[in-house]
Amino acid sequence: MNFSDYTNIDWHQFHFLRPAALYLLIPLAVIAVLLALGNRERTKWKQFIIPQFRRYMFSPGNRRAVILPLVLFIVGITLIIVGVAGPTWKKIEVPGQKVQAVVMVVMDLSKSMLAKDIPPGRLERAKLKLSDFLDAKPGAATGLLAYAGTPHLVLPFTSDYALIKFQAGSLDNWEMPVQGRNTELMMRIVDTLMQPILAPSHIVLMTDSISSTDAGIFENYAASHIHKLEVLLVSPASAQGVPLHNKNINVTPVTLDTTDVGSIAGRVRDQLIFEKDEKKDDRHWQDMGYLLILPALLIALYWFRKGWAIQWCWAALMLALGGCSVNSREADWWYTKDYQAQVLYNEGKYTEAADRFKDLPHKGVAYYKAGDYEAAAEVFALDTTAAGQYNRGLSLTKLGKYDEAMEAFSLAEQKDSSFKRLAEAGKQHLNVTKVETDSVMRYDKKSDSVVKKAQGKDSLKERKPTAQDQKLASETQVKDLPKSGDRLTEEVKSNIHEAHESDDPPSGDSTGKAGKPLDMKNLILRKPPADPGMFLHKRFVLQQKRYYKNIKP
């Protein structure tokens with residue numbers, strides 16, 4: 001802050017942050033009046049002493065010695081009260097927020113990408129180039145989108161490059177529910193996905209050609225958005241289409257080595273961190289009250305001089321300072337929010353401490369201690385340090401979000417190698433917890449068990465046992481089982497049901513018969529197909545039926 005900020009007072013903006021403190025001037029005025037009355041020279045009782053002895057018994061009074069301490073007392077306390085009230089006339093300048101850019105990789109899966117003019121094929125070469133791009137370590141969280149006649153999000157933004165490679169390796173044209181190349185719809189979905197991103201980021205499009213219509217769509221997007229478009233043309237030069245002319249669009253032809261994707265990754269790294277412009281916070285003002293405390297302290301030094309002590313007024317001052325507890329309404333006068341929260345945290349009041357903490361790591365730990373793991377995970381997500389990601393992994397483990405927790409542990413290990421041992425321990429604990437949870441999901445001990453004999457392809461009919469039926473012991477030998485007649489069965493009611501993967505699951509809450517909601521933990525699912533390509537195909541078909549009903553295959 002410059003010296004001019006203290007002297008150039010904007011009286012139109014001048015106000016007090018805590019105007020209620022100015023009410024303390026009323027008792028100060030009462031104290032001043034009482035002190036003035038108490039310091040008046042008492043002359044009536046001197047009349048009882050003969051005039052000849054008066055000059056020997058009384059020293060002549062010094063009016064200045066009486067008035068000056070009183071005046072300085074009033075001025076000093078007034079400065080303190082006005083300083084506590086928080087005079088201000090200038091808003092706080094918030095430093096620019098640093099945000100990290102992301103990368104959205106868009107893979108063209110139209111039929112033209114199946115051409116073999118570039119070995120081992122355009123699509124296969126594009127997938128290899130995506131792997132090379134990730135190996136070049138762009139450093140940004142990366143998402144993956146596939147499109148043909150309809151666009152489909154394969155993966156949201158993630159720092160797990162191994163997962164992106166695995167999912168990209170299974171992409172193929174046959175998985176797309178609608179054939180063709182709908183560039184306009186694809187860019188609309190990309191715009192929706194990139195809209196929450198504040199930092200200028202990159203969209204990496206891997207395709208084989210650019211039509212004149214596509215060029216217009218790309219240039220319109222680049223002209224109206226902060227994000228840059230990187231186009232990697234995976235085709236011979238004769239089939240690449242029309243050129244693009246925009247400073248926010250870079251067209252890179254495919255090469256035999258990794259210089260093409262390496263240059264793209266380099267541009268991503270160069271613009272990885274973005275700092276927003278500084279701005280004035282309309283909600284927070286600079287408290288200038290401390291400027292008045294300094295002269296008040298200088299005046300207080302005179303109270304230690306002989307004859308300057310104002311003795312009984314300290315009682316009123318100590319009474320005013322008595323409400324300094326963190327639980328008092330005036331706690332903000334004496335303590336910062338973080339100090340108040342730390343006191344409450346030490347007392348075991350974790351929820352109240354979390355509400356007062358301004359420091360994000362401490363705030364997240366308080367929520368975690370309070371058992372509010374959802375809030376803790378959200379707070380730790382704002383902490384980009386290795387410790388923040390590790391703590392986020394612990395919170396997600398408590399919530400049962402094991403995949404996200406594993407990703408958080410891996411990210412903490414990547415950010416700081418010193419967290420490797422803690423991250424490995426967290427992953428090990430996560431795996432144990434996941435196995436235990438899966439076991440409980442398969443067999444809930446609280447639910448009723450099902451005891452039912454295997455049903456064969458015979459003509460036996462089931463009925464309930466009666467008292468006339470012969471009872472069998474464990475040593476009873478049965479040589480020949482009947483192939484007709486009645487078969488006894490004991491069936492116990494249970495809420496465990498067998499379910500299978502649906503090609504068209506209902507939207508919203510799952511319901512069973514009679515519209516009753518199903519308890520998902522009591523469903524025994526058949527083993528889904530292990531082929532990730534078949535999984536993506538079914539997912540894309542479902543998305544096409546829900547979100548692109550007007551686009552027919």
# chains A, B, ... in the order shown; residues from 1 in each chain; ligands from 1

call {"tool": "select_by_dssp", "arguments": {"residues": "range 3-226 of chain A", "states": "strand (DSSP E or B)", "output": "JSON, numbers by chain"}}
result
{"A": [15, 16, 87, 88, 91, 92, 93, 94, 98, 99, 100, 102, 103, 104, 105, 106, 107, 108, 141, 142, 143, 144, 145, 146, 147, 151, 152, 153, 154, 155, 156, 157, 158, 202, 203, 204, 205, 206, 207, 210]}

call {"tool": "write_last_selection", "arguments": {"atoms": "C-alpha atoms", "output": "mmCIF file, in the first residue's frame"}}
result
data_model
loop_
_atom_site.group_PDB
_atom_site.id
_atom_site.type_symbol
_atom_site.label_atom_id
_atom_site.label_comp_id
_atom_site.auth_asym_id
_atom_site.auth_seq_id
_atom_site.Cartn_x
_atom_site.Cartn_y
_atom_site.Cartn_z
ATOM 1 C CA HIS A 15 -17.717 4.507 6.489
ATOM 2 C CA PHE A 16 -17.192 2.273 9.516
ATOM 3 C CA PRO A 87 -12.884 3.354 9.551
ATOM 4 C CA THR A 88 -12.392 2.548 5.875
ATOM 5 C CA LYS A 91 -11.759 -1.677 -1.121
ATOM 6 C CA ILE A 92 -9.437 -4.663 -0.932
ATOM 7 C CA GLU A 93 -7.679 -5.513 -4.166
ATOM 8 C CA VAL A 94 -7.968 -9.267 -4.645
ATOM 9 C CA LYS A 98 -4.396 -18.852 -10.555
ATOM 10 C CA VAL A 99 -6.292 -21.561 -12.413
ATOM 11 C CA GLN A 100 -4.999 -24.513 -14.399
ATOM 12 C CA VAL A 102 -7.277 -28.444 -19.304
ATOM 13 C CA VAL A 103 -7.231 -30.374 -22.575
ATOM 14 C CA MET A 104 -10.236 -31.870 -24.335
ATOM 15 C CA VAL A 105 -9.234 -34.514 -26.892
ATOM 16 C CA VAL A 106 -11.865 -35.091 -29.595
ATOM 17 C CA MET A 107 -11.519 -38.295 -31.619
ATOM 18 C CA ASP A 108 -13.181 -38.579 -35.034
ATOM 19 C CA ALA A 141 -6.138 -32.728 -16.875
ATOM 20 C CA THR A 142 -7.431 -34.321 -20.079
ATOM 21 C CA GLY A 143 -10.896 -35.370 -21.215
ATOM 22 C CA LEU A 144 -11.823 -37.626 -24.121
ATOM 23 C CA LEU A 145 -14.758 -37.166 -26.517
ATOM 24 C CA ALA A 146 -15.634 -39.422 -29.483
ATOM 25 C CA TYR A 147 -17.971 -38.423 -32.278
ATOM 26 C CA PRO A 151 -20.832 -36.910 -29.963
ATOM 27 C CA HIS A 152 -20.271 -38.908 -26.791
ATOM 28 C CA LEU A 153 -18.103 -38.186 -23.747
ATOM 29 C CA VAL A 154 -15.802 -41.127 -23.082
ATOM 30 C CA LEU A 155 -13.972 -39.712 -20.062
ATOM 31 C CA PRO A 156 -14.305 -36.435 -18.123
ATOM 32 C CA PHE A 157 -11.221 -34.401 -17.267
ATOM 33 C CA THR A 158 -8.725 -36.585 -15.424
ATOM 34 C CA HIS A 202 -6.850 -26.411 -25.607
ATOM 35 C CA ILE A 203 -9.180 -28.565 -27.686
ATOM 36 C CA VAL A 204 -7.200 -31.236 -29.578
ATOM 37 C CA LEU A 205 -9.197 -32.550 -32.543
ATOM 38 C CA MET A 206 -7.897 -35.679 -34.279
ATOM 39 C CA THR A 207 -9.573 -36.008 -37.660
ATOM 40 C CA ILE A 210 -11.697 -30.336 -42.806
#

call {"tool": "closest_atom_pairs", "arguments": {"of": "range 90-173 of chain A", "to": "range 252-274 of chain A", "cutoff": "12 Å", "atoms": "only C-alpha atoms", "output": "tab-separated table"}}
result
residue	atom	partner	partner_atom	distance
A:Gly96	CA	A:Phe274	CA	9.1
A:Gln97	CA	A:Phe274	CA	8.1
A:Lys98	CA	A:Phe274	CA	5.5
A:Val99	CA	A:Phe274	CA	5.3
A:Gln100	CA	A:Ile273	CA	4.7
A:Ala101	CA	A:Leu272	CA	5.1
A:Val102	CA	A:Leu272	CA	7.7
A:Val103	CA	A:Val268	CA	7.9
A:Met104	CA	A:Val268	CA	11.2
A:Val105	CA	A:Ile264	CA	11.6
A:Ile118	CA	A:Val254	CA	9.7
A:Pro119	CA	A:Leu256	CA	10.3
A:Pro120	CA	A:Leu256	CA	11.9
A:Arg122	CA	A:Val254	CA	10.1
A:Arg125	CA	A:Val254	CA	9.0
A:Ala126	CA	A:Val254	CA	8.9
A:Lys127	CA	A:Val261	CA	11.7
A:Leu128	CA	A:Thr258	CA	10.0
A:Lys129	CA	A:Val261	CA	6.7
A:Leu130	CA	A:Val261	CA	7.9
A:Ser131	CA	A:Val261	CA	9.4
A:Asp132	CA	A:Thr258	CA	6.7
A:Phe133	CA	A:Val261	CA	5.1
A:Leu134	CA	A:Ala265	CA	8.0
A:Asp135	CA	A:Gly262	CA	9.0
A:Ala136	CA	A:Gly262	CA	6.0
A:Lys137	CA	A:Ala265	CA	6.9
A:Pro138	CA	A:Ala265	CA	4.7
A:Gly139	CA	A:Arg269	CA	6.3
A:Ala140	CA	A:Leu272	CA	6.7
A:Ala141	CA	A:Leu272	CA	10.0
A:Thr142	CA	A:Val268	CA	11.0

call {"tool": "atom_distance", "arguments": {"atom1": "CA of Phe409 in chain A", "atom2": "CA of Asn346 in chain A"}}
result
28.0 Å

call {"tool": "atom_distance", "arguments": {"atom1": "CA of Pro243 in chain A", "atom2": "CA of Ser112 in chain A"}}
result
18.9 Å

call {"tool": "residues_around", "arguments": {"residues": "Phe357 in chain A", "least_positions_apart": "4", "cutoff": "6 Å", "atoms": "only C-alpha atoms", "output": "PyMOL selection string"}}
result
chain A and resi 338+341+363

call {"tool": "closest_residue", "arguments": {"among": "A:Glu378, A:Glu347, A:Glu124, A:Asp403", "to": "Asn173 in chain A", "atoms": "only C-alpha atoms"}}
result
A:Glu124

call {"tool": "select_by_dssp", "arguments": {"residues": "range 61-177 of chain A", "states": "helix (DSSP H, G or I)", "output": "ChimeraX atom specification"}}
result
/A:63-85,111-114,122-135,161-169,173-175

call {"tool": "write_last_selection", "arguments": {"atoms": "C-alpha atoms", "output": "PDB file, in the first residue's frame"}}
result
ATOM      1  CA  ARG A  63      -4.520  23.859  36.561  1.00  0.00           C
ATOM      2  CA  ARG A  64      -2.607  22.489  33.576  1.00  0.00           C
ATOM      3  CA  ALA A  65      -1.511  19.398  35.497  1.00  0.00           C
ATOM      4  CA  VAL A  66      -5.152  18.601  36.171  1.00  0.00           C
ATOM      5  CA  ILE A  67      -6.604  19.277  32.747  1.00  0.00           C
ATOM      6  CA  LEU A  68      -3.888  17.769  30.510  1.00  0.00           C
ATOM      7  CA  PRO A  69      -4.132  14.138  31.763  1.00  0.00           C
ATOM      8  CA  LEU A  70      -7.918  14.297  31.489  1.00  0.00           C
ATOM      9  CA  VAL A  71      -7.790  15.654  27.944  1.00  0.00           C
ATOM     10  CA  LEU A  72      -5.227  13.090  26.816  1.00  0.00           C
ATOM     11  CA  PHE A  73      -7.248  10.294  28.426  1.00  0.00           C
ATOM     12  CA  ILE A  74     -10.359  11.308  26.523  1.00  0.00           C
ATOM     13  CA  VAL A  75      -8.435  11.694  23.252  1.00  0.00           C
ATOM     14  CA  GLY A  76      -6.641   8.329  23.641  1.00  0.00           C
ATOM     15  CA  ILE A  77      -9.777   6.328  24.465  1.00  0.00           C
ATOM     16  CA  THR A  78     -11.642   8.092  21.635  1.00  0.00           C
ATOM     17  CA  LEU A  79      -8.922   7.051  19.173  1.00  0.00           C
ATOM     18  CA  ILE A  80      -9.152   3.461  20.395  1.00  0.00           C
ATOM     19  CA  ILE A  81     -12.945   3.377  20.042  1.00  0.00           C
ATOM     20  CA  VAL A  82     -12.868   4.892  16.552  1.00  0.00           C
ATOM     21  CA  GLY A  83     -10.090   2.475  15.559  1.00  0.00           C
ATOM     22  CA  VAL A  84     -12.108  -0.508  16.809  1.00  0.00           C
ATOM     23  CA  ALA A  85     -15.104   0.779  14.810  1.00  0.00           C
ATOM     24  CA  LYS A 111     -16.047 -44.224 -41.493  1.00  0.00           C
ATOM     25  CA  SER A 112     -13.425 -42.208 -43.379  1.00  0.00           C
ATOM     26  CA  MET A 113     -11.082 -42.786 -40.421  1.00  0.00           C
ATOM     27  CA  LEU A 114     -11.034 -46.501 -41.312  1.00  0.00           C
ATOM     28  CA  ARG A 122      -6.080 -43.443 -39.911  1.00  0.00           C
ATOM     29  CA  LEU A 123      -7.962 -44.335 -36.750  1.00  0.00           C
ATOM     30  CA  GLU A 124      -5.226 -46.574 -35.402  1.00  0.00           C
ATOM     31  CA  ARG A 125      -2.637 -43.884 -36.145  1.00  0.00           C
ATOM     32  CA  ALA A 126      -4.808 -41.313 -34.320  1.00  0.00           C
ATOM     33  CA  LYS A 127      -4.953 -43.556 -31.236  1.00  0.00           C
ATOM     34  CA  LEU A 128      -1.185 -44.009 -31.343  1.00  0.00           C
ATOM     35  CA  LYS A 129      -0.759 -40.247 -31.638  1.00  0.00           C
ATOM     36  CA  LEU A 130      -3.000 -39.745 -28.612  1.00  0.00           C
ATOM     37  CA  SER A 131      -0.755 -42.105 -26.646  1.00  0.00           C
ATOM     38  CA  ASP A 132       2.333 -40.172 -27.811  1.00  0.00           C
ATOM     39  CA  PHE A 133       0.657 -36.898 -26.846  1.00  0.00           C
ATOM     40  CA  LEU A 134       0.047 -38.130 -23.313  1.00  0.00           C
ATOM     41  CA  ASP A 135       3.595 -39.523 -23.104  1.00  0.00           C
ATOM     42  CA  TYR A 161      -3.278 -40.752 -18.488  1.00  0.00           C
ATOM     43  CA  ALA A 162      -3.124 -44.556 -18.266  1.00  0.00           C
ATOM     44  CA  LEU A 163      -6.910 -44.701 -18.027  1.00  0.00           C
ATOM     45  CA  ILE A 164      -7.267 -42.412 -21.053  1.00  0.00           C
ATOM     46  CA  LYS A 165      -4.944 -44.655 -23.099  1.00  0.00           C
ATOM     47  CA  PHE A 166      -6.921 -47.737 -22.089  1.00  0.00           C
ATOM     48  CA  GLN A 167     -10.273 -46.238 -23.054  1.00  0.00           C
ATOM     49  CA  ALA A 168      -8.929 -44.705 -26.281  1.00  0.00           C
ATOM     50  CA  GLY A 169      -7.479 -48.061 -27.341  1.00  0.00           C
ATOM     51  CA  ASN A 173     -16.305 -46.931 -35.673  1.00  0.00           C
ATOM     52  CA  TRP A 174     -18.772 -49.775 -35.006  1.00  0.00           C
ATOM     53  CA  GLU A 175     -19.381 -48.459 -31.468  1.00  0.00           C
TER      54      GLU A 175
END

call {"tool": "closest_residue", "arguments": {"among": "A:Leu109, A:Ile217, A:Ala222, A:Leu344", "to": "Glu184 in chain A", "atoms": "only C-alpha atoms"}}
result
A:Ile217

call {"tool": "residues_around", "arguments": {"residues": "range 244-246 of chain A", "least_positions_apart": "6", "cutoff": "8 Å", "atoms": "only C-alpha atoms", "output": "mmCIF file with N, CA and C atoms, in the first residue's frame"}}
result
data_model
loop_
_atom_site.group_PDB
_atom_site.id
_atom_site.type_symbol
_atom_site.label_atom_id
_atom_site.label_comp_id
_atom_site.auth_asym_id
_atom_site.auth_seq_id
_atom_site.Cartn_x
_atom_site.Cartn_y
_atom_site.Cartn_z
ATOM 1 N N ALA A 215 -14.696 -25.725 -41.444
ATOM 2 C CA ALA A 215 -13.799 -24.586 -41.250
ATOM 3 C C ALA A 215 -14.558 -23.379 -40.700
ATOM 4 N N GLU A 219 -13.773 -21.658 -37.051
ATOM 5 C CA GLU A 219 -13.355 -20.256 -36.976
ATOM 6 C C GLU A 219 -14.341 -19.423 -36.163
ATOM 7 N N ALA A 222 -13.530 -20.250 -32.483
ATOM 8 C CA ALA A 222 -12.269 -19.657 -32.041
ATOM 9 C C ALA A 222 -12.383 -18.147 -31.877
ATOM 10 N N ALA A 223 -13.220 -17.506 -32.675
ATOM 11 C CA ALA A 223 -13.355 -16.051 -32.600
ATOM 12 C C ALA A 223 -14.152 -15.593 -31.381
#

call {"tool": "atom_distance", "arguments": {"atom1": "CA of His362 in chain A", "atom2": "CA of Ala387 in chain A"}}
result
11.5 Å
